[in-house]
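Coordinates as given in start.cif (mmCIF, C-alpha atoms):
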data_entry
#
loop_
_atom_site.label_atom_id
_atom_site.label_comp_id
_atom_site.auth_asym_id
_atom_site.auth_seq_id
_atom_site.Cartn_x
_atom_site.Cartn_y
_atom_site.Cartn_z
CA MET Q 1 116.69 76.95 130.91
CA MET Q 2 119.91 74.94 131.08
CA ASP Q 3 119.65 74.47 134.84
CA GLU Q 4 116.07 73.27 134.48
CA ALA Q 5 117.04 70.70 131.82
CA LYS Q 6 120.14 69.50 133.65
CA GLY Q 7 118.15 68.84 136.80
CA ARG Q 8 115.49 66.83 134.99
CA GLU Q 9 115.74 63.05 134.71
CA ARG Q 10 115.71 61.82 131.12
CA GLU Q 11 112.43 60.25 130.02
CA THR Q 12 112.07 56.52 129.37
CA TRP Q 13 109.42 54.28 127.83
CA GLY Q 14 106.79 52.91 130.15
CA SER Q 15 107.55 49.35 129.03
CA TYR Q 16 109.32 47.34 126.36
CA ILE Q 17 105.94 46.72 124.69
CA GLY Q 18 105.41 50.48 124.58
CA PHE Q 19 108.82 50.88 122.95
CA ILE Q 20 108.06 48.19 120.37
CA LEU Q 21 104.63 49.62 119.49
CA THR Q 22 106.04 53.13 119.21
CA THR Q 23 108.90 51.95 117.01
CA ILE Q 24 106.43 50.07 114.82
CA GLY Q 25 104.30 53.21 114.68
CA SER Q 26 107.23 55.33 113.53
CA ALA Q 27 107.98 52.85 110.75
CA VAL Q 28 104.40 52.06 109.72
CA GLY Q 29 103.51 55.44 108.28
CA ILE Q 30 101.81 56.47 105.08
CA GLY Q 31 105.00 55.20 103.44
CA SER Q 32 103.76 51.66 104.07
CA ILE Q 33 100.06 52.22 103.43
CA TRP Q 34 100.00 54.94 100.75
CA ARG Q 35 103.43 54.90 99.13
CA PHE Q 36 103.99 51.13 99.08
CA PRO Q 37 101.00 50.26 96.83
CA TYR Q 38 101.88 52.91 94.27
CA MET Q 39 105.53 51.80 94.30
CA VAL Q 40 104.29 48.27 93.58
CA SER Q 41 102.11 49.56 90.74
CA SER Q 42 105.04 51.48 89.24
CA ASN Q 43 107.60 48.67 89.50
CA GLY Q 44 106.15 45.48 88.14
CA GLY Q 45 103.58 44.41 90.71
CA ALA Q 46 104.49 41.18 92.51
CA SER Q 47 108.11 41.39 91.30
CA PHE Q 48 108.59 44.51 93.41
CA LEU Q 49 106.93 42.84 96.41
CA PHE Q 50 109.29 39.87 96.17
CA VAL Q 51 112.41 42.07 95.88
CA TYR Q 52 111.17 44.32 98.68
CA ILE Q 53 110.92 41.37 101.08
CA ILE Q 54 114.54 40.44 100.33
CA VAL Q 55 115.68 44.05 100.83
CA LEU Q 56 113.85 44.36 104.16
CA PHE Q 57 115.50 41.28 105.68
CA THR Q 58 119.00 42.12 104.43
CA PHE Q 59 119.61 45.82 103.89
CA GLY Q 60 116.79 46.93 106.20
CA LEU Q 61 117.67 44.53 109.01
CA ALA Q 62 121.36 45.46 109.01
CA PHE Q 63 120.62 49.19 109.02
CA MET Q 64 118.03 48.90 111.76
CA VAL Q 65 120.37 46.87 113.96
CA LEU Q 66 123.08 49.54 113.66
CA GLU Q 67 120.67 52.32 114.63
CA LEU Q 68 119.32 50.38 117.62
CA VAL Q 69 122.85 49.51 118.74
CA LEU Q 70 123.85 53.17 118.71
CA GLY Q 71 120.79 54.26 120.68
CA MET Q 72 120.82 51.47 123.27
CA ARG Q 73 124.56 51.69 123.81
CA TYR Q 74 124.92 55.42 124.39
CA ARG Q 75 121.39 56.15 125.72
CA THR Q 76 121.10 59.55 124.06
CA SER Q 77 119.73 61.08 120.87
CA ILE Q 78 121.42 61.17 117.49
CA VAL Q 79 123.65 64.27 117.77
CA SER Q 80 125.10 63.35 121.17
CA ALA Q 81 125.41 59.65 120.26
CA LEU Q 82 127.45 60.36 117.12
CA SER Q 83 129.57 62.85 119.11
CA MET Q 84 130.49 60.01 121.49
CA ILE Q 85 132.00 58.10 118.56
CA ARG Q 86 133.98 61.08 117.27
CA SER Q 87 133.42 64.69 118.28
CA ARG Q 88 133.46 65.80 114.63
CA PHE Q 89 130.53 63.48 113.89
CA ARG Q 90 128.35 65.95 115.76
CA PHE Q 91 127.88 67.68 112.41
CA ILE Q 92 126.52 64.48 110.87
CA GLY Q 93 123.90 64.43 113.61
CA LEU Q 94 123.02 68.07 112.98
CA PHE Q 95 122.70 67.34 109.26
CA MET Q 96 120.42 64.38 110.02
CA ILE Q 97 118.02 66.35 112.19
CA SER Q 98 117.96 69.13 109.58
CA VAL Q 99 116.90 66.59 106.95
CA CYS Q 100 114.37 65.18 109.40
CA ILE Q 101 112.75 68.59 109.96
CA ALA Q 102 112.67 69.29 106.22
CA ILE Q 103 110.97 65.97 105.47
CA LEU Q 104 108.55 66.48 108.36
CA SER Q 105 107.53 69.87 106.94
CA TYR Q 106 106.11 68.48 103.68
CA TYR Q 107 105.10 65.11 105.14
CA MET Q 108 102.60 67.00 107.30
CA VAL Q 109 101.22 68.64 104.15
CA VAL Q 110 100.37 65.23 102.66
CA LEU Q 111 99.01 64.20 106.05
CA GLY Q 112 96.81 67.28 105.91
CA TRP Q 113 95.36 66.07 102.60
CA ILE Q 114 94.52 62.77 104.28
CA LEU Q 115 92.86 64.61 107.17
CA ALA Q 116 90.75 66.57 104.67
CA TYR Q 117 89.73 63.37 102.85
CA PHE Q 118 88.85 61.78 106.19
CA ALA Q 119 86.53 64.74 106.82
CA MET Q 120 85.06 64.22 103.32
CA SER Q 121 84.48 60.55 104.13
CA ILE Q 122 82.51 61.51 107.24
CA LEU Q 123 80.40 63.91 105.19
CA ASN Q 124 80.22 61.28 102.41
CA VAL Q 125 81.02 63.97 99.82
CA TYR Q 126 84.32 63.61 97.98
CA GLN Q 127 86.02 66.30 95.94
CA THR Q 128 88.31 65.31 93.12
CA PHE Q 129 91.94 65.97 93.93
CA GLU Q 130 92.04 68.78 91.36
CA GLU Q 131 89.03 70.43 93.01
CA PHE Q 132 90.54 69.95 96.45
CA ILE Q 133 93.86 71.64 95.64
CA GLY Q 134 91.95 74.48 94.03
CA THR Q 135 90.77 75.51 97.49
CA TRP Q 136 92.52 76.67 100.65
CA TYR Q 137 91.68 73.43 102.46
CA PRO Q 138 95.19 71.99 101.94
CA LEU Q 139 96.69 74.90 103.91
CA ALA Q 140 94.04 74.76 106.62
CA SER Q 141 94.35 71.00 107.12
CA TYR Q 142 98.13 71.34 107.22
CA LEU Q 143 97.87 73.80 110.12
CA VAL Q 144 95.61 71.38 112.00
CA ILE Q 145 98.13 68.55 111.59
CA VAL Q 146 100.96 70.79 112.84
CA ALA Q 147 98.91 71.56 115.95
CA VAL Q 148 98.11 67.87 116.56
CA ASN Q 149 101.77 66.89 116.30
CA TYR Q 150 102.79 69.66 118.68
CA ALA Q 151 100.17 68.65 121.25
CA ILE Q 152 101.20 64.97 121.26
CA VAL Q 153 104.97 65.51 121.51
CA ARG Q 154 104.59 68.37 124.02
CA SER Q 155 102.64 65.99 126.29
CA GLY Q 156 105.80 63.95 126.85
CA LEU Q 157 107.29 60.64 125.82
CA ARG Q 158 104.99 58.36 127.82
CA SER Q 159 101.88 60.53 128.08
CA GLY Q 160 101.99 61.71 124.48
CA VAL Q 161 104.09 59.70 122.01
CA GLU Q 162 103.86 56.26 123.66
CA ARG Q 163 100.17 56.54 124.58
CA PHE Q 164 99.15 57.58 121.06
CA ASN Q 165 101.13 54.73 119.50
CA ARG Q 166 99.83 52.11 121.96
CA TYR Q 167 96.26 52.73 120.83
CA GLY Q 168 97.04 53.93 117.31
CA VAL Q 169 99.05 50.91 116.17
CA LEU Q 170 96.51 48.42 117.56
CA LEU Q 171 93.66 50.34 115.93
CA LEU Q 172 95.63 50.44 112.69
CA PHE Q 173 95.81 46.63 112.54
CA ALA Q 174 92.17 46.34 113.65
CA MET Q 175 91.08 48.37 110.60
CA LEU Q 176 93.59 47.11 108.05
CA ILE Q 177 92.79 43.40 108.36
CA PRO Q 178 89.04 43.71 107.63
CA LEU Q 179 89.69 46.18 104.81
CA ALA Q 180 92.04 43.66 103.17
CA LEU Q 181 89.41 40.92 103.59
CA ILE Q 182 86.78 43.17 102.01
CA GLY Q 183 89.11 43.72 99.06
CA LEU Q 184 89.54 39.97 98.62
CA SER Q 185 85.78 39.44 98.78
CA ILE Q 186 85.04 41.85 95.91
CA ASP Q 187 87.96 40.67 93.71
CA GLY Q 188 85.75 37.94 92.28
CA ASP Q 189 87.97 36.69 89.44
CA GLY Q 190 91.18 37.20 91.42
CA VAL Q 191 92.85 39.53 88.89
CA GLY Q 192 94.09 41.91 91.57
CA LEU Q 193 95.37 39.07 93.75
CA ARG Q 194 97.29 37.52 90.84
CA TYR Q 195 98.81 40.87 89.88
CA TYR Q 196 99.98 41.31 93.47
CA THR Q 197 101.28 37.80 94.17
CA GLU Q 198 102.52 36.35 90.85
CA PRO Q 199 105.90 37.94 89.95
CA ASP Q 200 107.17 38.57 86.45
CA ASN Q 201 110.51 36.74 86.40
CA ASP Q 202 111.90 39.19 83.85
CA ARG Q 203 111.55 42.05 86.37
CA LEU Q 204 113.16 40.29 89.34
CA LEU Q 205 116.68 41.26 88.23
CA ASP Q 206 115.74 44.73 87.00
CA PRO Q 207 118.14 47.23 88.69
CA HIS Q 208 115.37 49.84 88.77
CA VAL Q 209 113.14 47.52 90.79
CA TRP Q 210 115.94 46.86 93.29
CA SER Q 211 116.83 50.54 93.67
CA SER Q 212 113.15 51.38 94.16
CA ALA Q 213 112.85 48.65 96.79
CA ILE Q 214 115.84 50.03 98.70
CA GLY Q 215 114.34 53.51 98.50
CA GLN Q 216 111.02 52.19 99.81
CA ALA Q 217 112.87 50.52 102.72
CA PHE Q 218 114.03 53.98 103.85
CA PHE Q 219 110.43 55.17 104.05
CA SER Q 220 109.03 51.95 105.48
CA LEU Q 221 111.55 51.53 108.31
CA SER Q 222 112.27 55.19 109.15
CA ILE Q 223 115.99 54.59 108.71
CA GLY Q 224 118.60 57.23 108.03
CA LEU Q 225 117.00 59.99 110.11
CA GLY Q 226 117.98 58.95 113.63
CA VAL Q 227 114.44 57.91 114.61
CA LEU Q 228 115.46 54.43 115.73
CA VAL Q 229 118.57 55.74 117.50
CA THR Q 230 116.50 58.16 119.54
CA TYR Q 231 113.68 55.74 120.34
CA ALA Q 232 116.16 53.03 121.38
CA SER Q 233 117.91 55.50 123.70
CA TYR Q 234 114.76 55.82 125.81
CA THR Q 235 114.71 52.14 126.81
CA ARG Q 236 115.09 51.75 130.57
CA GLU Q 237 117.98 49.36 130.19
CA HIS Q 238 120.12 48.36 127.23
CA ARG Q 239 119.83 44.59 127.50
CA GLN Q 240 117.07 44.07 124.95
CA SER Q 241 118.00 41.98 121.92
CA VAL Q 242 118.47 44.31 118.96
CA ILE Q 243 118.08 41.37 116.56
CA ALA Q 244 114.72 40.31 118.04
CA THR Q 245 113.52 43.92 118.21
CA SER Q 246 114.51 44.53 114.59
CA LEU Q 247 112.79 41.38 113.36
CA ILE Q 248 109.57 42.25 115.22
CA VAL Q 249 109.49 45.73 113.70
CA ILE Q 250 110.39 44.55 110.19
CA GLY Q 251 107.82 41.75 110.38
CA SER Q 252 105.15 44.25 111.43
CA VAL Q 253 106.11 46.70 108.67
CA LEU Q 254 105.99 43.93 106.07
CA THR Q 255 102.60 42.75 107.34
CA VAL Q 256 101.13 46.25 107.10
CA ALA Q 257 102.64 46.86 103.67
CA PHE Q 258 101.43 43.50 102.34
CA LEU Q 259 97.89 43.97 103.68
CA SER Q 260 97.80 47.53 102.32
CA GLY Q 261 98.75 46.34 98.87
CA LEU Q 262 96.27 43.48 99.08
CA MET Q 263 93.50 45.90 100.05
CA VAL Q 264 94.30 48.46 97.35
CA PHE Q 265 94.93 46.16 94.38
CA THR Q 266 91.98 43.86 94.94
CA MET Q 267 89.69 46.91 95.15
CA VAL Q 268 91.33 48.67 92.20
CA PHE Q 269 91.17 45.70 89.84
CA ALA Q 270 87.67 44.75 90.97
CA ASN Q 271 86.52 48.21 89.88
CA GLU Q 272 88.54 48.18 86.63
CA LEU Q 273 90.69 51.13 87.69
CA ASP Q 274 94.02 49.39 87.12
CA GLU Q 275 95.09 52.17 84.73
CA VAL Q 276 95.23 54.54 87.73
CA GLN Q 277 98.76 54.25 89.09
CA GLY Q 278 101.22 56.13 91.26
CA ALA Q 279 100.19 58.58 94.00
CA ALA Q 280 96.75 58.87 92.38
CA LEU Q 281 95.83 55.45 93.78
CA VAL Q 282 94.79 57.02 97.10
CA PHE Q 283 93.38 60.41 96.17
CA ILE Q 284 91.75 59.52 92.83
CA ALA Q 285 91.14 55.76 92.60
CA MET Q 286 90.12 55.03 96.20
CA PRO Q 287 87.34 57.68 96.43
CA LYS Q 288 85.88 56.33 93.17
CA ILE Q 289 86.01 52.78 94.53
CA ILE Q 290 84.54 53.75 97.89
CA SER Q 291 81.60 55.55 96.30
CA SER Q 292 80.74 52.54 94.11
CA ILE Q 293 80.71 49.65 96.58
CA GLU Q 294 78.33 48.49 99.29
CA TYR Q 295 79.01 50.01 102.70
CA GLY Q 296 81.36 52.46 100.98
CA TYR Q 297 80.57 55.12 103.58
CA ILE Q 298 81.97 52.99 106.41
CA ILE Q 299 84.87 51.67 104.32
CA GLY Q 300 85.83 55.21 103.31
CA MET Q 301 85.99 56.40 106.91
CA MET Q 302 88.02 53.35 107.93
CA PHE Q 303 90.44 53.75 105.04
CA PHE Q 304 91.24 57.43 105.54
CA LEU Q 305 91.30 57.08 109.34
CA LEU Q 306 93.77 54.24 108.84
CA LEU Q 307 96.00 56.49 106.73
CA LEU Q 308 95.64 59.36 109.20
CA ILE Q 309 96.67 57.30 112.24
CA ALA Q 310 99.59 55.75 110.37
CA GLY Q 311 100.74 59.18 109.23
CA ILE Q 312 100.56 60.73 112.68
CA THR Q 313 102.54 57.90 114.30
CA SER Q 314 105.34 58.65 111.84
CA SER Q 315 105.13 62.44 111.93
CA ILE Q 316 105.35 62.60 115.72
CA SER Q 317 108.48 60.45 115.53
CA MET Q 318 110.05 62.92 113.11
CA LEU Q 319 109.14 65.78 115.46
CA GLN Q 320 110.45 63.89 118.49
CA ILE Q 321 113.93 63.41 116.96
CA PRO Q 322 115.01 67.08 116.78
CA VAL Q 323 113.18 67.78 120.05
CA SER Q 324 115.22 65.05 121.76
CA ALA Q 325 118.42 66.43 120.24
CA LEU Q 326 117.67 69.91 121.59
CA GLU Q 327 116.94 68.42 125.02
CA ASP Q 328 119.99 66.11 125.20
CA THR Q 329 122.64 68.11 123.36
CA PHE Q 330 121.61 71.72 123.84
CA ARG Q 331 119.75 71.36 127.18
CA PHE Q 332 116.45 72.86 126.04
CA SER Q 333 113.34 72.19 128.09
CA LYS Q 334 110.67 69.97 126.52
CA GLY Q 335 108.30 72.88 125.99
CA LYS Q 336 110.81 75.20 124.35
CA ALA Q 337 112.31 72.46 122.21
CA THR Q 338 108.91 71.33 120.93
CA MET Q 339 107.79 74.87 120.21
CA LEU Q 340 111.01 75.76 118.35
CA VAL Q 341 111.00 72.68 116.11
CA THR Q 342 107.27 73.05 115.45
CA LEU Q 343 107.69 76.66 114.35
CA ILE Q 344 110.63 75.81 112.07
CA SER Q 345 108.81 72.89 110.44
CA LEU Q 346 105.66 75.03 110.12
CA ALA Q 347 107.57 77.78 108.32
CA LEU Q 348 109.30 75.30 106.01
CA GLY Q 349 106.03 73.52 105.24
CA ILE Q 350 103.93 76.52 104.26
CA PRO Q 351 105.54 76.80 100.78
CA SER Q 352 104.84 73.09 100.23
CA ALA Q 353 101.23 73.56 101.31
CA LEU Q 354 100.88 76.57 99.02
CA SER Q 355 102.26 74.59 96.08
CA TYR Q 356 99.06 72.51 96.08
CA SER Q 357 96.63 75.37 96.58
CA PRO Q 358 95.22 78.21 94.44
CA PHE Q 359 98.64 79.88 94.87
CA HIS Q 360 100.41 77.03 92.96
CA LEU Q 361 103.82 77.94 94.39
CA SER Q 362 106.59 76.30 92.33
CA ILE Q 363 110.33 76.24 91.69
CA SER Q 364 111.31 76.10 88.01
CA GLY Q 365 107.88 74.76 87.18
CA MET Q 366 107.98 72.06 89.88
CA PRO Q 367 105.63 72.32 92.89
CA VAL Q 368 107.61 73.21 96.01
CA LEU Q 369 106.44 70.04 97.75
CA ASP Q 370 107.78 67.89 94.92
CA ALA Q 371 111.06 69.83 94.93
CA PHE Q 372 111.40 69.31 98.70
CA ASP Q 373 110.63 65.62 98.35
CA TRP Q 374 113.29 65.23 95.65
CA THR Q 375 115.91 67.28 97.50
CA PHE Q 376 115.39 66.02 101.04
CA GLY Q 377 113.31 62.84 100.79
CA THR Q 378 115.55 61.35 98.10
CA ILE Q 379 118.99 62.98 97.86
CA ALA Q 380 119.58 64.34 101.37
CA LEU Q 381 118.08 61.24 103.01
CA ALA Q 382 120.46 58.98 101.08
CA VAL Q 383 123.43 61.18 102.03
CA SER Q 384 122.29 61.24 105.66
CA ALA Q 385 121.96 57.44 105.76
CA THR Q 386 125.39 56.95 104.16
CA LEU Q 387 127.13 59.28 106.60
CA MET Q 388 125.47 57.66 109.60
CA VAL Q 389 126.18 54.07 108.59
CA VAL Q 390 129.85 54.88 107.87
CA ALA Q 391 130.21 56.68 111.21
CA VAL Q 392 128.72 53.77 113.17
CA ALA Q 393 129.98 50.74 111.24
CA TRP Q 394 133.50 52.04 110.62
CA PHE Q 395 134.28 54.21 113.65
CA MET Q 396 132.22 52.95 116.59
CA CYS Q 397 134.18 50.48 118.73
CA ARG Q 398 133.84 47.06 117.11
CA GLU Q 399 133.62 45.29 120.47
CA GLU Q 400 130.85 47.60 121.66
CA ILE Q 401 128.82 46.96 118.52
CA MET Q 402 129.10 43.19 118.72
CA GLU Q 403 128.47 43.11 122.47
CA GLN Q 404 125.23 45.01 121.97
CA VAL Q 405 124.24 42.91 118.94
CA ASN Q 406 124.73 39.64 120.81
CA MET Q 407 123.24 40.80 124.11
CA SER Q 408 120.23 38.67 125.13
CA SER Q 409 120.48 36.84 121.80
CA ARG Q 410 120.32 33.04 121.60
CA VAL Q 411 122.27 32.98 118.35
CA ARG Q 412 125.69 34.62 118.46
CA ILE Q 413 126.42 36.77 115.40
CA PRO Q 414 130.06 36.54 114.25
CA SER Q 415 131.99 39.82 114.15
CA THR Q 416 133.05 39.07 110.57
CA LEU Q 417 129.49 39.93 109.51
CA LEU Q 418 130.22 43.53 110.50
CA ASP Q 419 132.87 43.66 107.77
CA VAL Q 420 130.23 42.73 105.21
CA VAL Q 421 127.85 45.38 106.56
CA ARG Q 422 130.59 48.03 106.45
CA ILE Q 423 130.98 47.55 102.72
CA LEU Q 424 127.53 46.45 101.66
CA LEU Q 425 125.31 49.13 103.21
CA PRO Q 426 127.14 52.25 101.94
CA THR Q 427 127.59 50.61 98.54
CA MET Q 428 123.87 49.83 98.20
CA ILE Q 429 122.84 53.34 99.26
CA ILE Q 430 125.32 55.08 96.94
CA ALA Q 431 124.41 52.79 94.02
CA THR Q 432 120.72 53.53 94.56
CA LEU Q 433 121.40 57.26 94.71
CA LEU Q 434 123.47 57.17 91.51
CA LYS Q 435 120.75 55.16 89.78
CA ILE Q 436 118.20 57.82 90.72
CA LEU Q 437 120.44 60.68 89.58
CA VAL Q 438 121.28 59.04 86.27
CA PHE Q 439 117.63 58.50 85.36
CA VAL Q 440 116.34 61.84 86.65
#

Could you write out this structure as structure tokens?
Amino acid sequence: MMDEAKGRERETWGSYIGFILTTIGSAVGIGSIWRFPYMVSSNGGASFLFVYIIVLFTFGLAFMVLELVLGMRYRTSIVSALSMIRSRFRFIGLFMISVCIAILSYYMVVLGWILAYFAMSILNVYQTFEEFIGTWYPLASYLVIVAVNYAIVRSGLRSGVERFNRYGVLLLFAMLIPLALIGLSIDGDGVGLRYYTEPDNDRLLDPHVWSSAIGQAFFSLSIGLGVLVTYASYTREHRQSVIATSLIVIGSVLTVAFLSGLMVFTMVFANELDEVQGAALVFIAMPKIISSIEYGYIIGMMFFLLLLIAGITSSISMLQIPVSALEDTFRFSKGKATMLVTLISLALGIPSALSYSPFHLSISGMPVLDAFDWTFGTIALAVSATLMVVAVAWFMCREEIMEQVNMSSRVRIPSTLLDVVRILLPTMIIATLLKILVFV
């Protein structure tokens, strides 16, 4: 196995456009389309949107640049790249891919729900969420999603991951724009639009809104897991501008998130379902809306297909990260690496799938999926991001960082900005984590 891997040339993206679309796909997941609207609804509407934009272009931009720098500079996946900074940082990389696999395991469960609701939209017969989780469909749909992810990643970087994202991301925008316009057309008195675009000044300085916005940035940009490091390492040369690349991806993520919120809130308020908040917006409010409006059959299929494509583009990125680490660091073949990670994530995800099924598997009264999300998607992800940013910003050669940052860039970034990033990023992550723990 080792001889086979050593003799194989490392994969690269087919083009820079393919790299950009795949990176956008990894970031634009159900975190931007499903999670973003319910975060807005739980954190003051337009006030959250305004704060989120600031966070994306400060905290998010700085973090993304560091990840891209690491990947483009060392041209290898997260474990090996961190080992090149300091050999002991190998364990940070191992921790990161462990968190990535854990998050992937329950992320695919939610993606399975979306697949099931997409099937319902085709049949034009919707179950309530309570009815749905009272069946074994959540487990069955989860297994289908696991198989789809395996097939795409096993096909290879260009033939599988890049090809799916090339078509998937373009289709995603092609469906999202008309859905947002439909929402605007039925929001006759503009209540939903005003809720979404007119901030409450009293909430703009609310620490909870800011911490929630930083948390949403993790989900929206796929930062802290090594996704961007790994994807950047597959570029054919390392002369692309990391600033321009980061701005393109962040701009795309913001566009998708904004249009998603516009679509959801105009439809929700137009149908007087504004009391439905949180995660229920997708699985409770949207089916009710779809069944009550003209051309709801077509809109329903478009909406859940949109979520499904966005979810798969993110889930295959989370599968690709540990697969790349096994290939680069431990010299596994593509097939064996993909199979191993798939089996581990499958085993970890079954308890989460069973927690929303007739089995109702729980830990201390909390569904296993919710417990996993709290442990790995909140706490472990924050720890992972903190460790990575400290390793890169504080221990990677300063000259190498700034050379990569300023490569192919028209505006030269002063090295003193790195000192700000070194302090600011870990402080913001730790403060957000403490805020979450205090108010648990």

Kindly assemble as JSON lines a list of the segment 356-407 of chain Q residues that lie within 10 Å of segment 104-113 of chain Q, each paired with its nearest atom pair and their distance in Å to one decimal, using all atoms listed in the file, sorted first by chain and then by ascending residue number.
{"residue": "Q:Tyr356", "atom": "CA", "partner": "Q:Val109", "partner_atom": "CA", "distance": 9.2}
{"residue": "Q:Val368", "atom": "CA", "partner": "Q:Tyr106", "partner_atom": "CA", "distance": 9.1}
{"residue": "Q:Leu369", "atom": "CA", "partner": "Q:Tyr106", "partner_atom": "CA", "distance": 6.1}
{"residue": "Q:Asp370", "atom": "CA", "partner": "Q:Tyr106", "partner_atom": "CA", "distance": 8.9}
{"residue": "Q:Phe372", "atom": "CA", "partner": "Q:Tyr106", "partner_atom": "CA", "distance": 7.3}
{"residue": "Q:Asp373", "atom": "CA", "partner": "Q:Tyr106", "partner_atom": "CA", "distance": 7.6}
{"residue": "Q:Phe376", "atom": "CA", "partner": "Q:Tyr106", "partner_atom": "CA", "distance": 10.0}
{"residue": "Q:Gly377", "atom": "CA", "partner": "Q:Tyr107", "partner_atom": "CA", "distance": 9.6}

- Could you list the residues chosen by the PyMOL selection byres ((chain Q and resi 142) around 9) in this structure as a list in words? Met108, Val109, Val110, Leu111, Gly112, Trp113, Leu115, Tyr137, Pro138, Leu139, Ala140, Ser141, Leu143, Val144, Ile145, Val146, Ala147, Leu346, Gly349, Ile350 and Ala353 of chain Q

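The smallest atom-to-atom distance between Ser252 of chain Q and any of Q:Leu61, Q:Ile78, Q:Ala27, Q:Ala270, using all atoms listed in the file, is found for Q:Ala27.
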
- the PyMOL selection byres ((chain Q and resi 50) around 10) applied to the shown file, residues as JSON, numbers by chain: {"Q": [45, 46, 47, 48, 49, 51, 52, 53, 54, 55, 196, 197, 198, 199, 204, 213]}

- Message: Under the rule that all atoms listed in the file are counted, which of Q:Ile299, Q:Met286, Q:Leu221, Q:Tyr231 is the nearest residue to Val253 of chain Q?
- Response: Q:Leu221

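Residue selection for this entry, given the PyMOL selection byres ((chain Q and resi 158) around 9), comprises Glu11, Thr12, Trp13, Gly14, Gly18, Ser155, Gly156, Leu157, Ser159, Gly160, Val161, Glu162, Arg163 and Phe164 of chain Q.
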
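You will find atom CA of Gly190 of chain Q at 28.8 Å from atom CA of Leu308 of chain Q.
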
- Note on the structure: Pairwise distance, atom CA of Ile85 of chain Q with atom CA of Leu70 of chain Q, equals 9.5 Å

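Every protein, DNA or RNA residue with an atom at most 7 Å from Ser241 of chain Q, where only C-alpha atoms count and chain neighbours fewer than 3 positions away do not, is listed here: Ala244, Thr245, Val405, Met407, Ser408 and Ser409 of chain Q.
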
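Computed from the coordinates, the atom CA of Phe283 of chain Q to atom CA of Gln127 of chain Q distance equals 9.4 Å.
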
- Message: So that I can check the surroundings of Phe173 of chain Q, please list as a PyMOL selection string every protein, DNA and RNA residue that reaches within 10 Å of it, counting only C-alpha atoms and ignoring chain neighbours fewer than 2 positions away.
- Response: chain Q and resi 168-171+175-179+252+255-256+259+306

Go ahead and write the selection's residues with C-alpha atoms as an mmCIF file, in the frame of the given file.
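Saved as selection_36.cif:
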data_model
loop_
_atom_site.group_PDB
_atom_site.id
_atom_site.type_symbol
_atom_site.label_atom_id
_atom_site.label_comp_id
_atom_site.auth_asym_id
_atom_site.auth_seq_id
_atom_site.Cartn_x
_atom_site.Cartn_y
_atom_site.Cartn_z
ATOM 1 C CA GLY Q 168 97.040 53.930 117.310
ATOM 2 C CA VAL Q 169 99.050 50.910 116.170
ATOM 3 C CA LEU Q 170 96.510 48.420 117.560
ATOM 4 C CA LEU Q 171 93.660 50.340 115.930
ATOM 5 C CA MET Q 175 91.080 48.370 110.600
ATOM 6 C CA LEU Q 176 93.590 47.110 108.050
ATOM 7 C CA ILE Q 177 92.790 43.400 108.360
ATOM 8 C CA PRO Q 178 89.040 43.710 107.630
ATOM 9 C CA LEU Q 179 89.690 46.180 104.810
ATOM 10 C CA SER Q 252 105.150 44.250 111.430
ATOM 11 C CA THR Q 255 102.600 42.750 107.340
ATOM 12 C CA VAL Q 256 101.130 46.250 107.100
ATOM 13 C CA LEU Q 259 97.890 43.970 103.680
ATOM 14 C CA LEU Q 306 93.770 54.240 108.840
#

- Query: So which residues touch Phe265 of chain Q within 9 Å, counting all atoms listed in the file, skipping near sequence neighbours fewer than 2 positions away, as a list in words?
  - Reply: Pro37, Ser41, Gly183, Asp187, Val191, Gly192, Leu193, Tyr195, Tyr196, Ser260, Gly261, Leu262, Met263, Met267, Val268, Phe269, Ala270 and Asp274 of chain Q

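Of the listed residues Q:Val65, Q:Met84, Q:Leu225, Q:Leu205, the one whose atoms come nearest to Leu381 of chain Q is Q:Leu225, with distances taken using only C-alpha atoms.
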
- Task: Measuring atom to atom with all atoms listed in the file, identify which of Q:Ser246, Q:Ser317, Q:Thr230, Q:Asn43 is nearest to Asp206 of chain Q.
- Result: Q:Asn43

- Query: Of the residues Q:Ala232, Q:Ile430, Q:Val125, Q:Ile103, which is the one nearest to Arg75 of chain Q, using all atoms listed in the file?
  - Reply: Q:Ala232

- Message: Every residue with an atom at most 12 Å from (122.4, 49.8, 94.8) (file coordinates; all atoms listed in the file) is what I'm after, so could you write them as a ChimeraX atom specification?
- Response: /Q:55,59,206-215,382,423-436

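Among the candidates Q:Ile321, Q:Ala151, Q:Leu305, Q:Ile248, the residue lying nearest to Val79 of chain Q is Q:Ile321 (atoms considered: all atoms listed in the file).
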